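J.: Just work00.csv, nothing more (CSV, C-alpha atoms):
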chain,number,residue,atom,x,y,z
L,1,MET,CA,113.5,94.7,80.9
L,2,PRO,CA,115.0,95.9,77.5
L,3,ALA,CA,118.7,96.3,77.4
L,4,VAL,CA,120.0,99.8,78.3
L,5,PRO,CA,122.2,101.1,75.5
L,6,PRO,CA,125.7,102.2,76.3
L,7,GLN,CA,125.9,105.8,77.5
L,8,PRO,CA,128.7,108.3,77.3
L,9,PRO,CA,131.0,108.4,80.4
L,10,ALA,CA,130.0,110.8,83.1
L,11,ARG,CA,132.0,114.0,83.5
L,12,THR,CA,133.6,114.2,86.8
L,13,ALA,CA,133.0,117.0,89.2
L,14,PRO,CA,135.0,118.5,92.1
L,15,SER,CA,134.9,116.3,95.2
L,16,ALA,CA,132.5,117.3,97.9
L,17,PRO,CA,131.2,115.6,101.0
L,18,MET,CA,128.0,113.7,100.6
L,19,PRO,CA,125.1,115.6,102.1
L,20,ALA,CA,122.6,114.2,104.6
L,21,GLU,CA,119.1,113.6,103.5
L,22,PRO,CA,117.6,116.9,102.4
L,23,THR,CA,115.2,118.5,104.8
L,24,LEU,CA,111.8,118.7,103.0
L,25,HIS,CA,108.9,120.6,104.5
L,26,LEU,CA,105.7,121.8,102.9
L,27,GLY,CA,106.5,125.2,101.4
L,28,HIS,CA,110.2,124.9,101.8
L,29,ARG,CA,113.0,122.8,100.3
L,30,THR,CA,116.6,123.0,101.6
L,31,ALA,CA,119.1,122.5,98.8
L,32,ALA,CA,121.8,119.9,99.2
L,33,PRO,CA,125.4,120.4,98.2
L,34,ALA,CA,126.9,118.7,95.2
L,35,TYR,CA,128.7,115.4,95.3
L,36,PRO,CA,130.8,113.5,92.8
L,37,ALA,CA,129.3,111.4,90.0
L,38,ALA,CA,130.1,107.8,89.4
L,39,ALA,CA,132.8,107.0,87.0
L,40,GLY,CA,131.2,105.5,83.9
L,41,SER,CA,127.7,106.3,85.1
L,42,SER,CA,125.0,106.2,82.5
L,43,ILE,CA,123.7,109.4,84.0
L,44,VAL,CA,125.7,112.5,82.9
L,45,SER,CA,126.6,115.1,85.5
L,46,VAL,CA,127.1,118.8,84.9
L,47,ALA,CA,127.6,121.8,87.0
L,48,THR,CA,126.1,120.4,90.2
L,49,GLY,CA,128.2,117.2,90.1
L,50,HIS,CA,125.1,115.2,90.8
L,51,PRO,CA,125.0,111.8,89.2
L,52,GLY,CA,122.0,112.4,87.0
L,53,SER,CA,121.5,116.1,87.3
L,54,GLY,CA,121.0,117.5,83.8
L,55,PHE,CA,121.0,121.2,84.6
L,56,PRO,CA,122.9,123.7,86.8
L,57,GLU,CA,121.3,124.3,90.1
L,58,ASP,CA,121.1,128.1,89.7
L,59,ARG,CA,118.7,128.0,86.7
L,60,MET,CA,115.9,125.9,85.4
L,61,PRO,CA,116.0,124.5,81.8
L,62,GLU,CA,114.2,126.1,79.0
L,63,GLY,CA,110.6,124.9,78.9
L,64,TYR,CA,110.4,124.1,82.7
L,65,THR,CA,107.1,125.0,84.3
L,66,PRO,CA,106.1,124.7,88.0
L,67,THR,CA,103.4,122.4,89.3
L,68,GLU,CA,99.9,123.4,88.3
L,69,ARG,CA,97.3,123.7,91.0
L,70,ASP,CA,95.0,121.1,89.4
L,71,LEU,CA,93.8,119.2,92.4
L,72,PRO,CA,91.1,120.0,94.9
L,73,VAL,CA,91.9,120.4,98.5
L,74,ILE,CA,90.3,117.5,100.5
L,75,ASN,CA,89.8,118.3,104.2
L,76,ARG,CA,89.9,114.9,105.8
L,77,GLY,CA,90.4,113.9,109.4
L,78,ASP,CA,90.6,110.1,109.0
L,79,THR,CA,94.0,109.9,107.4
L,80,VAL,CA,96.7,108.5,109.7
L,81,GLN,CA,100.2,109.8,109.3
L,82,VAL,CA,102.9,107.1,109.8
L,83,PRO,CA,106.3,108.6,110.2
L,84,VAL,CA,109.1,106.6,108.6
L,85,THR,CA,112.6,107.8,109.1
L,86,PRO,CA,115.9,106.3,108.0
L,87,GLU,CA,116.3,105.1,111.6
L,88,ALA,CA,112.9,103.4,111.7
L,89,ALA,CA,113.4,101.8,108.2
L,90,PRO,CA,116.7,100.0,108.3
L,91,ALA,CA,118.9,99.9,105.2
L,92,ALA,CA,118.9,96.9,103.0
L,93,GLU,CA,121.4,94.2,103.8
L,94,ALA,CA,123.6,92.6,101.2
L,95,ALA,CA,122.5,89.4,99.6
L,96,PRO,CA,123.4,86.2,101.6
L,97,ALA,CA,126.2,84.1,100.1
L,98,ASN,CA,123.9,81.3,99.2
L,99,GLY,CA,121.4,83.6,97.6
L,100,GLU,CA,118.4,82.0,99.3
L,101,GLY,CA,115.2,83.9,100.0
L,102,PRO,CA,113.9,87.3,98.8
L,103,GLY,CA,115.4,90.5,100.2
L,104,PRO,CA,113.6,93.3,101.9
L,105,LEU,CA,110.9,95.1,100.0
L,106,TYR,CA,110.9,98.8,99.3
L,107,VAL,CA,108.5,101.1,97.4
L,108,VAL,CA,109.0,104.6,95.9
L,109,GLY,CA,106.3,107.2,95.5
L,110,ASP,CA,105.9,109.6,92.6
L,111,VAL,CA,109.2,111.1,91.4
L,112,HIS,CA,108.0,113.6,88.7
L,113,GLY,CA,111.5,114.5,87.5
L,114,TYR,CA,113.0,115.3,90.9
L,115,LEU,CA,116.2,113.3,90.4
L,116,ASP,CA,118.2,115.0,93.2
L,117,GLU,CA,115.5,114.1,95.8
L,118,LEU,CA,115.3,110.6,94.5
L,119,VAL,CA,119.0,109.9,94.8
L,120,ALA,CA,119.1,111.4,98.3
L,121,ALA,CA,116.1,109.2,99.4
L,122,LEU,CA,117.6,106.0,97.9
L,123,ARG,CA,120.9,106.7,99.6
L,124,ALA,CA,119.2,107.3,102.9
L,125,GLN,CA,117.7,103.8,102.7
L,126,GLY,CA,121.0,102.2,101.7
L,127,LEU,CA,119.8,101.2,98.3
L,128,ILE,CA,122.5,103.0,96.3
L,129,ASP,CA,126.0,104.1,97.2
L,130,GLU,CA,127.7,107.5,97.0
L,131,ASN,CA,128.2,107.0,93.3
L,132,GLY,CA,124.6,106.2,92.6
L,133,GLY,CA,125.2,102.5,92.0
L,134,TRP,CA,123.0,99.7,93.4
L,135,SER,CA,124.3,98.7,96.8
L,136,ALA,CA,121.4,96.7,98.3
L,137,GLY,CA,122.2,93.2,97.3
L,138,ASN,CA,119.0,91.1,97.0
L,139,ALA,CA,116.6,93.9,98.1
L,140,ARG,CA,113.5,94.4,96.0
L,141,LEU,CA,112.6,97.9,94.9
L,142,TRP,CA,109.3,98.9,93.3
L,143,PHE,CA,108.6,102.3,91.8
L,144,LEU,CA,104.9,103.2,91.7
L,145,GLY,CA,105.0,105.3,88.5
L,146,ASP,CA,105.0,108.9,87.4
L,147,PHE,CA,108.7,109.5,86.6
L,148,THR,CA,108.4,112.6,84.4
L,149,ASP,CA,106.5,115.9,84.1
L,150,ARG,CA,106.6,118.9,86.5
L,151,GLY,CA,110.1,118.3,87.7
L,152,PRO,CA,113.5,119.3,86.1
L,153,ASP,CA,114.9,115.9,84.9
L,154,GLY,CA,112.3,113.2,84.1
L,155,ILE,CA,114.5,111.5,81.5
L,156,GLY,CA,117.3,111.4,84.0
L,157,VAL,CA,115.0,109.6,86.4
L,158,ILE,CA,114.0,107.0,83.8
L,159,ASP,CA,117.7,106.5,82.9
L,160,LEU,CA,118.6,105.9,86.6
L,161,VAL,CA,115.7,103.4,87.2
L,162,MET,CA,116.7,101.5,84.0
L,163,ARG,CA,120.3,101.3,85.1
L,164,LEU,CA,119.4,100.3,88.6
L,165,SER,CA,117.2,97.5,87.2
L,166,ALA,CA,120.2,95.9,85.5
L,167,GLU,CA,122.5,96.4,88.5
L,168,ALA,CA,120.0,95.0,91.0
L,169,ALA,CA,119.4,91.9,88.9
L,170,ALA,CA,123.1,91.3,88.7
L,171,ALA,CA,123.3,91.5,92.5
L,172,GLY,CA,120.5,89.1,93.1
L,173,GLY,CA,117.7,91.6,93.8
L,174,TYR,CA,115.5,93.6,91.5
L,175,CYS,CA,114.4,97.1,90.7
L,176,LYS,CA,111.0,97.3,88.9
L,177,ALA,CA,108.4,99.9,88.1
L,178,LEU,CA,104.7,100.3,87.6
L,179,MET,CA,103.0,102.4,84.9
L,180,GLY,CA,101.6,105.7,86.1
L,181,ASN,CA,99.2,108.0,84.3
L,182,HIS,CA,102.1,110.3,83.4
L,183,GLU,CA,103.9,107.4,81.5
L,184,LEU,CA,100.7,107.0,79.5
L,185,LEU,CA,100.5,110.7,78.9
L,186,LEU,CA,104.1,111.0,77.7
L,187,ILE,CA,103.8,107.9,75.4
L,188,GLY,CA,100.6,109.5,74.0
L,189,ALA,CA,102.2,112.9,73.5
L,190,LYS,CA,105.1,111.4,71.6
L,191,ARG,CA,103.1,108.9,69.5
L,192,PHE,CA,100.0,111.0,68.7
L,193,GLY,CA,100.9,114.6,69.3
L,194,ASP,CA,98.0,116.8,68.2
L,195,THR,CA,95.9,114.0,66.9
L,196,PRO,CA,92.3,114.7,68.2
L,197,VAL,CA,90.9,112.1,70.6
L,198,ASN,CA,87.5,111.7,72.1
L,199,SER,CA,88.0,112.9,75.7
L,200,GLY,CA,84.4,112.3,76.8
L,201,ALA,CA,84.0,116.1,77.2
L,202,GLY,CA,84.7,117.1,73.6
L,203,THR,CA,87.9,117.0,71.5
L,204,ALA,CA,91.3,116.9,73.1
L,205,THR,CA,94.9,116.0,72.2
L,206,PHE,CA,97.6,114.2,74.1
L,207,GLN,CA,100.0,117.1,73.4
L,208,ALA,CA,97.7,119.6,75.0
L,209,ALA,CA,97.0,117.4,78.0
L,210,TRP,CA,100.7,116.7,78.5
L,211,LEU,CA,101.5,120.4,78.5
L,212,LEU,CA,98.7,121.2,80.9
L,213,ASN,CA,99.8,118.5,83.3
L,214,GLY,CA,103.4,119.7,83.6
L,215,GLY,CA,105.0,118.3,80.4
L,216,GLN,CA,108.6,119.5,80.0
L,217,LYS,CA,110.1,120.3,76.6
L,218,HIS,CA,113.5,119.1,77.6
L,219,ASP,CA,112.1,115.7,78.5
L,220,MET,CA,110.4,115.4,75.1
L,221,ASP,CA,113.6,116.5,73.4
L,222,ARG,CA,115.6,113.8,75.2
L,223,LEU,CA,113.0,111.0,74.9
L,224,GLN,CA,114.4,108.0,72.9
L,225,ASP,CA,112.8,104.8,71.6
L,226,VAL,CA,114.4,102.8,74.4
L,227,HIS,CA,112.5,105.0,76.9
L,228,LEU,CA,109.2,104.5,75.1
L,229,GLN,CA,109.7,100.8,74.8
L,230,TRP,CA,110.6,100.5,78.5
L,231,MET,CA,107.5,102.6,79.6
L,232,SER,CA,105.2,100.6,77.3
L,233,ARG,CA,106.2,97.3,78.9
L,234,LEU,CA,105.6,98.4,82.5
L,235,ASP,CA,102.9,96.5,84.4
L,236,ALA,CA,99.9,98.4,85.9
L,237,VAL,CA,99.3,96.1,88.9
L,238,VAL,CA,101.5,93.7,90.9
L,239,ARG,CA,101.3,91.9,94.2
L,240,GLU,CA,104.3,91.6,96.5
L,241,ASP,CA,104.4,90.1,100.0
L,242,ASP,CA,100.6,90.4,100.4
L,243,HIS,CA,100.7,94.1,99.2
L,244,LEU,CA,98.8,95.0,96.1
L,245,LEU,CA,100.8,97.7,94.4
L,246,LEU,CA,99.3,100.1,91.9
L,247,HIS,CA,99.8,103.7,90.9
L,248,SER,CA,96.4,105.3,91.1
L,249,ASP,CA,93.9,105.2,94.0
L,250,THR,CA,91.0,104.2,91.7
L,251,THR,CA,88.9,101.1,91.1
L,252,ALA,CA,89.3,101.6,87.3
L,253,TYR,CA,91.8,98.7,87.2
L,254,LEU,CA,88.8,96.4,87.5
L,255,GLU,CA,87.6,97.4,84.1
L,256,TYR,CA,90.7,95.7,82.5
L,257,GLY,CA,90.5,92.2,83.9
L,258,GLU,CA,89.6,89.9,86.8
L,259,THR,CA,93.2,88.9,87.4
L,260,ILE,CA,96.5,90.9,87.7
L,261,GLU,CA,97.8,89.1,84.6
L,262,ASP,CA,94.6,90.1,82.7
L,263,VAL,CA,94.9,93.8,83.6
L,264,ASN,CA,98.6,94.0,82.6
L,265,ASP,CA,98.0,92.1,79.3
L,266,THR,CA,95.0,94.2,78.4
L,267,VAL,CA,96.9,97.5,79.0
L,268,HIS,CA,99.9,96.2,77.0
L,269,GLU,CA,97.7,95.1,74.1
L,270,ILE,CA,96.0,98.5,74.0
L,271,LEU,CA,99.4,100.2,73.8
L,272,THR,CA,100.5,97.7,71.1
L,273,ARG,CA,97.4,98.5,68.9
L,274,ASN,CA,98.5,102.1,69.0
L,275,ASP,CA,95.0,103.5,68.7
L,276,ALA,CA,94.9,107.1,70.1
L,277,ASP,CA,91.4,106.9,71.5
L,278,GLU,CA,92.0,103.6,73.2
L,279,VAL,CA,95.2,104.9,74.8
L,280,TRP,CA,93.4,108.1,75.9
L,281,ASP,CA,90.7,106.0,77.6
L,282,VAL,CA,93.3,104.2,79.7
L,283,PHE,CA,95.1,107.4,80.5
L,284,ARG,CA,91.8,109.1,81.5
L,285,LYS,CA,90.8,106.2,83.8
L,286,PHE,CA,94.2,106.0,85.4
L,287,THR,CA,93.9,109.7,86.3
L,288,LYS,CA,91.0,109.1,88.6
L,289,ARG,CA,91.7,109.4,92.3
L,290,PHE,CA,90.3,109.5,95.8
L,291,ALA,CA,88.4,106.2,95.5
L,292,PHE,CA,89.6,105.0,98.9
L,293,ARG,CA,88.6,108.0,101.0
L,294,ASP,CA,85.2,108.8,102.5
L,295,GLU,CA,82.8,106.2,103.8
L,296,GLY,CA,83.0,104.1,100.7
L,297,GLY,CA,86.8,104.0,100.7
L,298,PRO,CA,87.3,100.7,102.6
L,299,GLN,CA,84.7,99.0,100.5
L,300,ALA,CA,86.4,100.1,97.3
L,301,VAL,CA,89.8,98.8,98.6
L,302,GLN,CA,88.2,95.5,99.5
L,303,GLU,CA,86.8,95.2,96.0
L,304,LEU,CA,90.3,95.4,94.6
L,305,LEU,CA,91.8,93.1,97.2
L,306,SER,CA,89.2,90.5,96.8
L,307,THR,CA,89.7,90.5,93.1
L,308,TYR,CA,93.5,90.6,92.8
L,309,GLY,CA,94.6,89.4,96.2
L,310,GLY,CA,96.6,90.9,99.0
L,311,HIS,CA,95.6,92.5,102.3
L,312,ARG,CA,96.7,96.1,101.7
L,313,ILE,CA,96.9,98.5,98.8
L,314,VAL,CA,100.0,100.6,98.3
L,315,HIS,CA,99.5,103.5,95.8
L,316,GLY,CA,100.9,106.8,94.6
L,317,HIS,CA,99.2,109.4,92.4
L,318,SER,CA,97.2,111.4,95.0
L,319,PRO,CA,99.6,113.6,97.0
L,320,ILE,CA,99.5,113.2,100.7
L,321,PRO,CA,99.3,117.0,101.3
L,322,TYR,CA,96.0,117.0,99.5
L,323,LEU,CA,94.7,114.0,101.4
L,324,LEU,CA,95.6,116.0,104.6
L,325,GLY,CA,93.9,119.1,103.3
L,326,GLN,CA,97.3,121.0,103.3
L,327,VAL,CA,99.0,122.4,100.2
L,328,GLY,CA,102.5,123.7,100.1
L,329,THR,CA,103.8,126.5,97.9
L,330,GLU,CA,106.2,126.8,95.0
L,331,GLU,CA,107.6,130.1,96.2
L,332,GLY,CA,109.5,128.8,99.2
L,333,GLU,CA,107.5,130.5,102.0
L,334,ASP,CA,107.1,128.6,105.2
L,335,SER,CA,103.9,126.7,105.6
L,336,SER,CA,101.9,126.0,108.7
L,337,GLY,CA,101.0,122.6,107.3
L,338,PRO,CA,102.4,119.3,108.6
L,339,ILE,CA,105.7,117.9,107.6
L,340,VAL,CA,105.4,115.0,105.3
L,341,ASP,CA,107.7,112.5,107.1
L,342,GLY,CA,106.3,109.3,105.6
L,343,PRO,CA,103.4,107.5,104.0
L,344,HIS,CA,99.8,107.7,105.2
L,345,VAL,CA,97.6,104.8,106.2
L,346,TYR,CA,93.8,105.3,105.7
L,347,ALA,CA,90.6,103.4,104.6
L,348,ASP,CA,90.5,101.5,107.9
L,349,GLY,CA,94.2,100.7,107.6
L,350,LEU,CA,93.7,99.0,104.2
L,351,ALA,CA,95.4,101.7,102.0
L,352,ILE,CA,98.9,103.3,102.1
L,353,ALA,CA,99.4,106.5,100.2
L,354,MET,CA,103.0,107.0,99.0
L,355,ASP,CA,102.9,110.3,97.0
L,356,GLY,CA,104.6,112.6,99.5
L,357,GLY,CA,104.0,115.7,97.2
L,358,VAL,CA,107.6,116.3,96.1
L,359,THR,CA,106.2,118.7,93.4
L,360,MET,CA,104.8,120.9,96.1
L,361,ALA,CA,107.8,120.9,98.4
L,362,GLY,CA,106.7,117.8,100.2
L,363,LYS,CA,108.9,114.7,100.3
L,364,LEU,CA,109.8,112.0,97.9
L,365,LEU,CA,109.1,108.8,99.8
L,366,VAL,CA,111.2,105.6,99.7
L,367,VAL,CA,109.8,103.2,102.3
L,368,GLN,CA,110.4,99.6,103.4
L,369,LEU,CA,107.3,97.4,103.7
L,370,PRO,CA,105.6,96.3,105.8
L,371,LEU,CA,105.3,99.5,107.8
L,372,ASN,CA,106.2,99.5,111.5
L,373,SER,CA,102.8,101.1,112.4
Show me the file's structure as structure tokens.
T.:
Amino acid sequence: MPAVPPQPPARTAPSAPMPAEPTLHLGHRTAAPAYPAAAGSSIVSVATGHPGSGFPEDRMPEGYTPTERDLPVINRGDTVQVPVTPEAAPAAEAAPANGEGPGPLYVVGDVHGYLDELVAALRAQGLIDENGGWSAGNARLWFLGDFTDRGPDGIGVIDLVMRLSAEAAAAGGYCKALMGNHELLLIGAKRFGDTPVNSGAGTATFQAAWLLNGGQKHDMDRLQDVHLQWMSRLDAVVREDDHLLLHSDTTAYLEYGETIEDVNDTVHEILTRNDADEVWDVFRKFTKRFAFRDEGGPQAVQELLSTYGGHRIVHGHSPIPYLLGQVGTEEGEDSSGPIVDGPHVYADGLAIAMDGGVTMAGKLLVVQLPLNS
């Protein structure tokens, strides 16, 4: 991981009790009260007092746009909901004195700039303390990608993950992240802007695609070289405890190598060559979804597992509400759809979907593996 540059000290906010985990339903989000920021935190607090909140809670920043309705509704009856609550998923324990053995494994679904929800979910699992600092000892934490776009503070999310990476390593654990399609999109928008690329369906540009997919002006304004370097070095696929972790529910990873190392090296080499068309092709393939549903889903999962190892795939990218055929609203009305309480297991139990649909008033998921299903 690249070193995180020193950040200005956080401004303090009036003391307030720490809220319980926010109640998140499809179609409705209950706001949580403010709580004090960590002294010396690399994430700057403002009116809300949230350690990482970049904007007052009563208004959205200039350039913020709501989630676009850009996904089809898939009516499926073969997706199994696995509720995971803070009680069912115990908090991480501190590292043993002798430092032997790996700690518990956690995964985080798509964040998309929703920093408040991320902090609340990490706290509910005991991974960070009331000041937003790493408190899980030798626990292992993997983010499945898509940190920015659509939500109000994508750069704040990246800053938090970068800081936690350093703090977790110092405590004997680690906090790592995978590359999602929105990381590729943001890198491309910054590097190539309005440079035309061959989209396969005519001429396109990263800038236009970024805006159409929820790109936020304030994220681009705050994007620094250290963020670009960090995103460019993220791996696309990893295997942890017999779980194959990747961002997208697609078999397109197979086009980049026959081993995990080959896939990651190939993606890194493409980003290093800095060719707009090559980067666009990776982005386009990593936006594919729904490969693990329908009758051919289990076979697609098995193809990835037999190539890269592991007995289960854990992915983000495709929101669970869409897999369930239920879509929430941005306007706050109540929905008759199901509550997203946890990840969903499908494809004959071989795949776990982790994108709780936080952009559509679902839930940002932080879950300990293996699931108690």
J.: Please identify all polymer residues within 9 Å of region 196-198 of chain L, counting all atoms listed in the file, omitting same-chain residues fewer than 5 positions from it, and present them as JSON, numbers by chain.
T.: {"L": [203, 204, 205, 206, 276, 277, 278, 280, 281]}
J.: Export, as a PDB file, in the coordinates of the input, the selected residues with C-alpha atoms.
T.:
ATOM      1  CA  THR L 203      87.900 117.000  71.500  1.00  0.00           C
ATOM      2  CA  ALA L 204      91.300 116.900  73.100  1.00  0.00           C
ATOM      3  CA  THR L 205      94.900 116.000  72.200  1.00  0.00           C
ATOM      4  CA  PHE L 206      97.600 114.200  74.100  1.00  0.00           C
ATOM      5  CA  ALA L 276      94.900 107.100  70.100  1.00  0.00           C
ATOM      6  CA  ASP L 277      91.400 106.900  71.500  1.00  0.00           C
ATOM      7  CA  GLU L 278      92.000 103.600  73.200  1.00  0.00           C
ATOM      8  CA  TRP L 280      93.400 108.100  75.900  1.00  0.00           C
ATOM      9  CA  ASP L 281      90.700 106.000  77.600  1.00  0.00           C
TER      10      ASP L 281
END
J.: Pick out the closest residue to Val301 (chain L) from this set: L:Leu323, L:Val282, L:Ala361, L:Leu254. Count all atoms listed in the file.
T.: L:Leu254
J.: Find the residues near region 261-274 of chain L: any atom within 7 Å, counting only C-alpha atoms, skip ones fewer than 6 places away on the same chain, and give them as a tab-separated table (two decimals) with C-alpha atoms, in the coordinates of the input.
T.:
chain	number	residue	atom	x	y	z
L	232	SER	CA	105.20	100.60	77.30
L	233	ARG	CA	106.20	97.30	78.90
L	235	ASP	CA	102.90	96.50	84.40
L	236	ALA	CA	99.90	98.40	85.90
L	237	VAL	CA	99.30	96.10	88.90
L	253	TYR	CA	91.80	98.70	87.20
J.: One number please: CA of Leu115 (chain L) to CA of Val157 (chain L), in Å, one decimal.
T.: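 It comes out at 5.6 Å.
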J.: At what distance in Å, to one decimal, does CA of Asp249 (chain L) lie from CA of Gln302 (chain L)?
T.: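 These two atoms are separated by 12.5 Å.
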J.: Between CA of Arg163 (chain L) and CA of Asp225 (chain L), what is the spacing in Å?
T.: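 For CA of Asp225 (chain L) relative to CA of Arg163 (chain L), the distance reads 15.8 Å.
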J.: Could you name the residues that touch Val367 (chain L) at 7 Å or less, counting only C-alpha atoms, but leaving out those on the same chain fewer than 4 positions away, as a list of chain:residue names?
T.: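 So the residues in contact are L:Tyr106, L:Val107, L:Val108.
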J.: When you count only C-alpha atoms, which of these residues is closest to Gly188 (chain L): L:Val279, L:Leu122, L:Ile128, L:Leu211?
T.: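 Going through L:Val279, L:Leu122, L:Ile128, L:Leu211 one by one, the smallest distance to Gly188 (chain L) is for L:Val279.
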J.: Return the single residue from L:Gly362, L:Gly180, L:Gly156, L:Gly257 that is closest to Lys288 (chain L), with distances computed using only C-alpha atoms.
T.: L:Gly180
J.: Between L:Glu303, L:Glu295, L:Asp275, L:Asp242, single out the one closest to Glu258 (chain L), counting all atoms listed in the file.
T.: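 Distance minimum relative to Glu258 (chain L) lands on L:Glu303.
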J.: So, counting only C-alpha atoms, which residue among L:Phe283, L:Gly172, L:Met220, L:Pro104 is closest to Leu185 (chain L)?
T.: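 Using only C-alpha atoms, Leu185 (chain L) sits closest to L:Phe283.
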J.: Using all atoms listed in the file, which residues of region 98-211 of chain L come within 10 Å of region 343-356 of chain L, and what is the closest atom pair for each, with the distance in Å to one decimal? Give it as CSV, sorted by chain and residue number.
T.:
residue,atom,partner,partner_atom,distance
L:Val107,CA,L:Met354,CA,8.2
L:Val108,CA,L:Met354,CA,7.2
L:Gly109,CA,L:Met354,CA,4.8
L:Asp110,CA,L:Asp355,CA,5.4
L:Val111,CA,L:Asp355,CA,8.5
L:Leu144,CA,L:Met354,CA,8.4
L:Asp146,CA,L:Asp355,CA,9.9
J.: Next, write the just-selected residues to a file, as a tab-separated table (two decimals), in the frame of the given file, keeping C-alpha atoms as the atom set.
T.:
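What ended up in result34.tsv:
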chain	number	residue	atom	x	y	z
L	107	VAL	CA	108.50	101.10	97.40
L	108	VAL	CA	109.00	104.60	95.90
L	109	GLY	CA	106.30	107.20	95.50
L	110	ASP	CA	105.90	109.60	92.60
L	111	VAL	CA	109.20	111.10	91.40
L	144	LEU	CA	104.90	103.20	91.70
L	146	ASP	CA	105.00	108.90	87.40
J.: In terms of the shortest atom-to-atom distance over all atoms listed in the file, which of L:Ser306, L:Asp294, L:Trp142, L:Leu164 is closest to Leu234 (chain L)?
T.: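 Nearest candidate to Leu234 (chain L) out of L:Ser306, L:Asp294, L:Trp142, L:Leu164: L:Trp142.
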J.: So which residues are close to (96.9, 94.3, 96.1), meaning at most 7 Å away in the file's coordinates with only C-alpha atoms counted, and can you show them as a PDB file with C-alpha atoms, keeping the file's coordinate frame?
T.:
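Dumped everything to point.pdb:
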ATOM      1  CA  VAL L 238     101.500  93.700  90.900  1.00  0.00           C
ATOM      2  CA  ARG L 239     101.300  91.900  94.200  1.00  0.00           C
ATOM      3  CA  ASP L 242     100.600  90.400 100.400  1.00  0.00           C
ATOM      4  CA  HIS L 243     100.700  94.100  99.200  1.00  0.00           C
ATOM      5  CA  LEU L 244      98.800  95.000  96.100  1.00  0.00           C
ATOM      6  CA  LEU L 245     100.800  97.700  94.400  1.00  0.00           C
ATOM      7  CA  LEU L 304      90.300  95.400  94.600  1.00  0.00           C
ATOM      8  CA  LEU L 305      91.800  93.100  97.200  1.00  0.00           C
ATOM      9  CA  TYR L 308      93.500  90.600  92.800  1.00  0.00           C
ATOM     10  CA  GLY L 309      94.600  89.400  96.200  1.00  0.00           C
ATOM     11  CA  GLY L 310      96.600  90.900  99.000  1.00  0.00           C
ATOM     12  CA  HIS L 311      95.600  92.500 102.300  1.00  0.00           C
ATOM     13  CA  ARG L 312      96.700  96.100 101.700  1.00  0.00           C
ATOM     14  CA  ILE L 313      96.900  98.500  98.800  1.00  0.00           C
TER      15      ILE L 313
END
